[in-house]
Amino acid sequence: MRIIDRFSSEHDVFLEQLEVIERLVRADAPALQVVAAMRTLAAPLLAHAENEERALFPDLEPTMGGEGGPLAMLTEEHATIHGQVDELTSDPAAHRIPDLLDEFQGLLRAHIEKEEQVLFPAAAQILGDDRLARLDRDLERTAAA
Ligand SMILES: [Fe+2]
């Protein structure tokens, strides 16, 4: 498996979990239940971002790195998403949940879209299948989970 295939299937899981959380909010589920669902998503999502930054981004640094470049932008978005997750999982006031969640889901969806449409195709072209498969094996040995 190429590392970008692993990350893509993780994206699919996050998008499904996001749907579940949004459905709870639309159905006026108790805040506790929404926060509990967010907590289920939180740790795997943060580990995923950390793994991307640690196991994939360094190899792309020569071509896509630098100040204001794609990797800097994606890394900054990871930090913003991290902050949103922290807020949504640390007992936010119930009335704030819809707005917090709206911002979080908007950014997360746009971020995943960028990685899927821009970063992963570029990584496939720049690094090639063999290198991406090796990165996946390396990650499996050292993954944050
Ligand atoms: Fe990602």
# chains A, B, ... in the order shown; residues from 1 in each chain; ligands from 1
$ closest_atom_pairs --of "chain A" --to "ligand 1" --cutoff "7 Å" --atoms "only C-alpha atoms and all ligand atoms" --output "Markdown table"
| residue | atom | partner | partner_atom_place_in_ligand_line | distance |
| --- | --- | --- | --- | --- |
| A:Phe7 | CA | ligand 1 | 1 (Fe) | 6.0 |
| A:His11 | CA | ligand 1 | 1 (Fe) | 6.2 |
| A:His48 | CA | ligand 1 | 1 (Fe) | 6.4 |
| A:Ala49 | CA | ligand 1 | 1 (Fe) | 5.7 |
| A:Glu52 | CA | ligand 1 | 1 (Fe) | 6.6 |
| A:Ile112 | CA | ligand 1 | 1 (Fe) | 5.7 |
| A:Glu115 | CA | ligand 1 | 1 (Fe) | 6.3 |
$ write_last_selection --atoms "N, CA and C atoms" --output "compact mmCIF listing (two decimals), in the first residue's frame"
# COMPACT_ATOMS: atom_id res chain seq x y z
N PHE A 7 -3.69 7.18 3.97
CA PHE A 7 -4.25 8.46 4.43
C PHE A 7 -5.63 8.71 3.80
N HIS A 11 -9.18 9.39 5.58
CA HIS A 11 -10.06 10.54 5.26
C HIS A 11 -11.51 10.08 5.12
N HIS A 48 -3.58 11.15 12.72
CA HIS A 48 -3.48 11.17 11.26
C HIS A 48 -2.68 12.39 10.79
N ALA A 49 -3.02 13.56 11.31
CA ALA A 49 -2.33 14.79 10.90
C ALA A 49 -0.85 14.72 11.29
N GLU A 52 0.90 12.43 8.86
CA GLU A 52 1.14 13.09 7.56
C GLU A 52 2.36 14.00 7.65
N ILE A 112 -9.34 18.25 3.64
CA ILE A 112 -9.25 16.90 3.06
C ILE A 112 -9.31 16.98 1.54
N GLU A 115 -5.94 17.94 0.19
CA GLU A 115 -4.98 16.84 0.23
C GLU A 115 -5.30 15.81 -0.86
$ closest_residue --among "A:Glu16, A:Leu139, A:Leu24, A:Thr75" --to "A:Leu101" --atoms "only C-alpha atoms"
A:Leu24
$ closest_residue --among "A:Ile21, A:Ala72, A:Ala31, A:Arg26" --to "A:Ser90" --atoms "only C-alpha atoms"
A:Ala31
$ closest_residue --among "A:Leu18, A:Ile4, A:Leu135, A:Leu46" --to "A:Asp86" --atoms "only C-alpha atoms"
A:Leu46
$ closest_residue --among "A:Thr80, A:Asn51, A:Thr63, A:Gln105" --to "A:Gln17" --atoms "only C-alpha atoms"
A:Gln105
$ atom_distance --atom1 "atom CA of A:Gln84" --atom2 "atom CA of A:Val20"
17.6 Å
$ select_by_dssp --residues "chain A" --states "alpha helix (DSSP H)" --output "PyMOL selection string"
chain A and resi 3-26+31-51+57-64+70-89+97-114+120-142
$ atom_distance --atom1 "atom CA of A:Gly66" --atom2 "atom CA of A:Ile81"
21.0 Å
$ atom_distance --atom1 "atom CA of A:Arg141" --atom2 "atom CA of A:Leu56"
14.2 Å
$ closest_residue --among "A:Asp102, A:Asp138, A:Asp91, A:Glu19" --to "A:Leu32" --atoms "only C-alpha atoms"
A:Asp91
$ residues_around --residues "A:Arg134" --least-positions-apart "2" --cutoff "12 Å" --atoms "only C-alpha atoms" --output "MDAnalysis selection string"
chainID A and resid 1:4 55:56 59 127:132 136:141
$ write_last_selection --atoms "N, CA, C and O atoms" --output "PDB file, in the first residue's frame"
ATOM      1  N   MET A   1       0.840  -1.195   0.000  1.00  0.00           N
ATOM      2  CA  MET A   1       0.000   0.000   0.000  1.00  0.00           C
ATOM      3  C   MET A   1       0.882   1.256   0.000  1.00  0.00           C
ATOM      4  O   MET A   1       1.888   1.299   0.685  1.00  0.00           O
ATOM      5  N   ARG A   2       0.456   2.259  -0.775  1.00  0.00           N
ATOM      6  CA  ARG A   2       1.164   3.544  -0.728  1.00  0.00           C
ATOM      7  C   ARG A   2       0.656   4.338   0.489  1.00  0.00           C
ATOM      8  O   ARG A   2      -0.523   4.235   0.845  1.00  0.00           O
ATOM      9  N   ILE A   3       1.514   5.161   1.054  1.00  0.00           N
ATOM     10  CA  ILE A   3       1.113   5.907   2.249  1.00  0.00           C
ATOM     11  C   ILE A   3      -0.093   6.811   1.958  1.00  0.00           C
ATOM     12  O   ILE A   3      -0.954   7.015   2.822  1.00  0.00           O
ATOM     13  N   ILE A   4      -0.184   7.306   0.729  1.00  0.00           N
ATOM     14  CA  ILE A   4      -1.328   8.182   0.402  1.00  0.00           C
ATOM     15  C   ILE A   4      -2.637   7.387   0.342  1.00  0.00           C
ATOM     16  O   ILE A   4      -3.708   7.948   0.579  1.00  0.00           O
ATOM     17  N   ALA A  55       5.580  11.611   8.367  1.00  0.00           N
ATOM     18  CA  ALA A  55       5.976  10.509   7.482  1.00  0.00           C
ATOM     19  C   ALA A  55       5.904  10.854   5.996  1.00  0.00           C
ATOM     20  O   ALA A  55       6.505  10.165   5.179  1.00  0.00           O
ATOM     21  N   LEU A  56       5.168  11.904   5.632  1.00  0.00           N
ATOM     22  CA  LEU A  56       5.038  12.233   4.206  1.00  0.00           C
ATOM     23  C   LEU A  56       5.627  13.602   3.868  1.00  0.00           C
ATOM     24  O   LEU A  56       6.368  13.739   2.887  1.00  0.00           O
ATOM     25  N   ASP A  59       9.468  14.363   2.846  1.00  0.00           N
ATOM     26  CA  ASP A  59       9.913  13.954   1.506  1.00  0.00           C
ATOM     27  C   ASP A  59       9.446  14.915   0.421  1.00  0.00           C
ATOM     28  O   ASP A  59       9.981  14.909  -0.686  1.00  0.00           O
ATOM     29  N   LEU A 127       7.071  11.398  -5.937  1.00  0.00           N
ATOM     30  CA  LEU A 127       7.773  10.341  -5.195  1.00  0.00           C
ATOM     31  C   LEU A 127       7.646   8.963  -5.853  1.00  0.00           C
ATOM     32  O   LEU A 127       8.535   8.125  -5.686  1.00  0.00           O
ATOM     33  N   GLY A 128       6.559   8.723  -6.562  1.00  0.00           N
ATOM     34  CA  GLY A 128       6.382   7.428  -7.221  1.00  0.00           C
ATOM     35  C   GLY A 128       5.886   6.347  -6.266  1.00  0.00           C
ATOM     36  O   GLY A 128       5.982   6.485  -5.041  1.00  0.00           O
ATOM     37  N   ASP A 129       5.359   5.274  -6.844  1.00  0.00           N
ATOM     38  CA  ASP A 129       4.711   4.223  -6.052  1.00  0.00           C
ATOM     39  C   ASP A 129       5.655   3.528  -5.074  1.00  0.00           C
ATOM     40  O   ASP A 129       5.282   3.251  -3.935  1.00  0.00           O
ATOM     41  N   ASP A 130       6.876   3.227  -5.513  1.00  0.00           N
ATOM     42  CA  ASP A 130       7.790   2.470  -4.648  1.00  0.00           C
ATOM     43  C   ASP A 130       8.159   3.259  -3.400  1.00  0.00           C
ATOM     44  O   ASP A 130       8.151   2.730  -2.287  1.00  0.00           O
ATOM     45  N   ARG A 131       8.472   4.519  -3.619  1.00  0.00           N
ATOM     46  CA  ARG A 131       8.850   5.366  -2.476  1.00  0.00           C
ATOM     47  C   ARG A 131       7.652   5.521  -1.518  1.00  0.00           C
ATOM     48  O   ARG A 131       7.812   5.462  -0.295  1.00  0.00           O
ATOM     49  N   LEU A 132       6.456   5.698  -2.089  1.00  0.00           N
ATOM     50  CA  LEU A 132       5.262   5.868  -1.249  1.00  0.00           C
ATOM     51  C   LEU A 132       4.940   4.596  -0.475  1.00  0.00           C
ATOM     52  O   LEU A 132       4.442   4.641   0.645  1.00  0.00           O
ATOM     53  N   ASP A 136       5.069   4.054   3.678  1.00  0.00           N
ATOM     54  CA  ASP A 136       3.986   3.423   4.429  1.00  0.00           C
ATOM     55  C   ASP A 136       4.528   2.350   5.370  1.00  0.00           C
ATOM     56  O   ASP A 136       4.092   2.235   6.516  1.00  0.00           O
ATOM     57  N   ARG A 137       5.489   1.585   4.880  1.00  0.00           N
ATOM     58  CA  ARG A 137       6.083   0.556   5.746  1.00  0.00           C
ATOM     59  C   ARG A 137       6.800   1.207   6.924  1.00  0.00           C
ATOM     60  O   ARG A 137       6.718   0.738   8.053  1.00  0.00           O
ATOM     61  N   ASP A 138       7.512   2.315   6.657  1.00  0.00           N
ATOM     62  CA  ASP A 138       8.204   3.029   7.736  1.00  0.00           C
ATOM     63  C   ASP A 138       7.196   3.544   8.764  1.00  0.00           C
ATOM     64  O   ASP A 138       7.428   3.451   9.970  1.00  0.00           O
ATOM     65  N   LEU A 139       6.086   4.072   8.250  1.00  0.00           N
ATOM     66  CA  LEU A 139       5.067   4.631   9.154  1.00  0.00           C
ATOM     67  C   LEU A 139       4.487   3.542  10.035  1.00  0.00           C
ATOM     68  O   LEU A 139       4.273   3.732  11.235  1.00  0.00           O
ATOM     69  N   GLU A 140       4.243   2.385   9.434  1.00  0.00           N
ATOM     70  CA  GLU A 140       3.630   1.298  10.184  1.00  0.00           C
ATOM     71  C   GLU A 140       4.485   0.904  11.386  1.00  0.00           C
ATOM     72  O   GLU A 140       3.966   0.516  12.426  1.00  0.00           O
ATOM     73  N   ARG A 141       5.779   1.051  11.225  1.00  0.00           N
ATOM     74  CA  ARG A 141       6.675   0.701  12.333  1.00  0.00           C
ATOM     75  C   ARG A 141       6.666   1.745  13.446  1.00  0.00           C
ATOM     76  O   ARG A 141       6.969   1.434  14.581  1.00  0.00           O
TER      77      ARG A 141
END
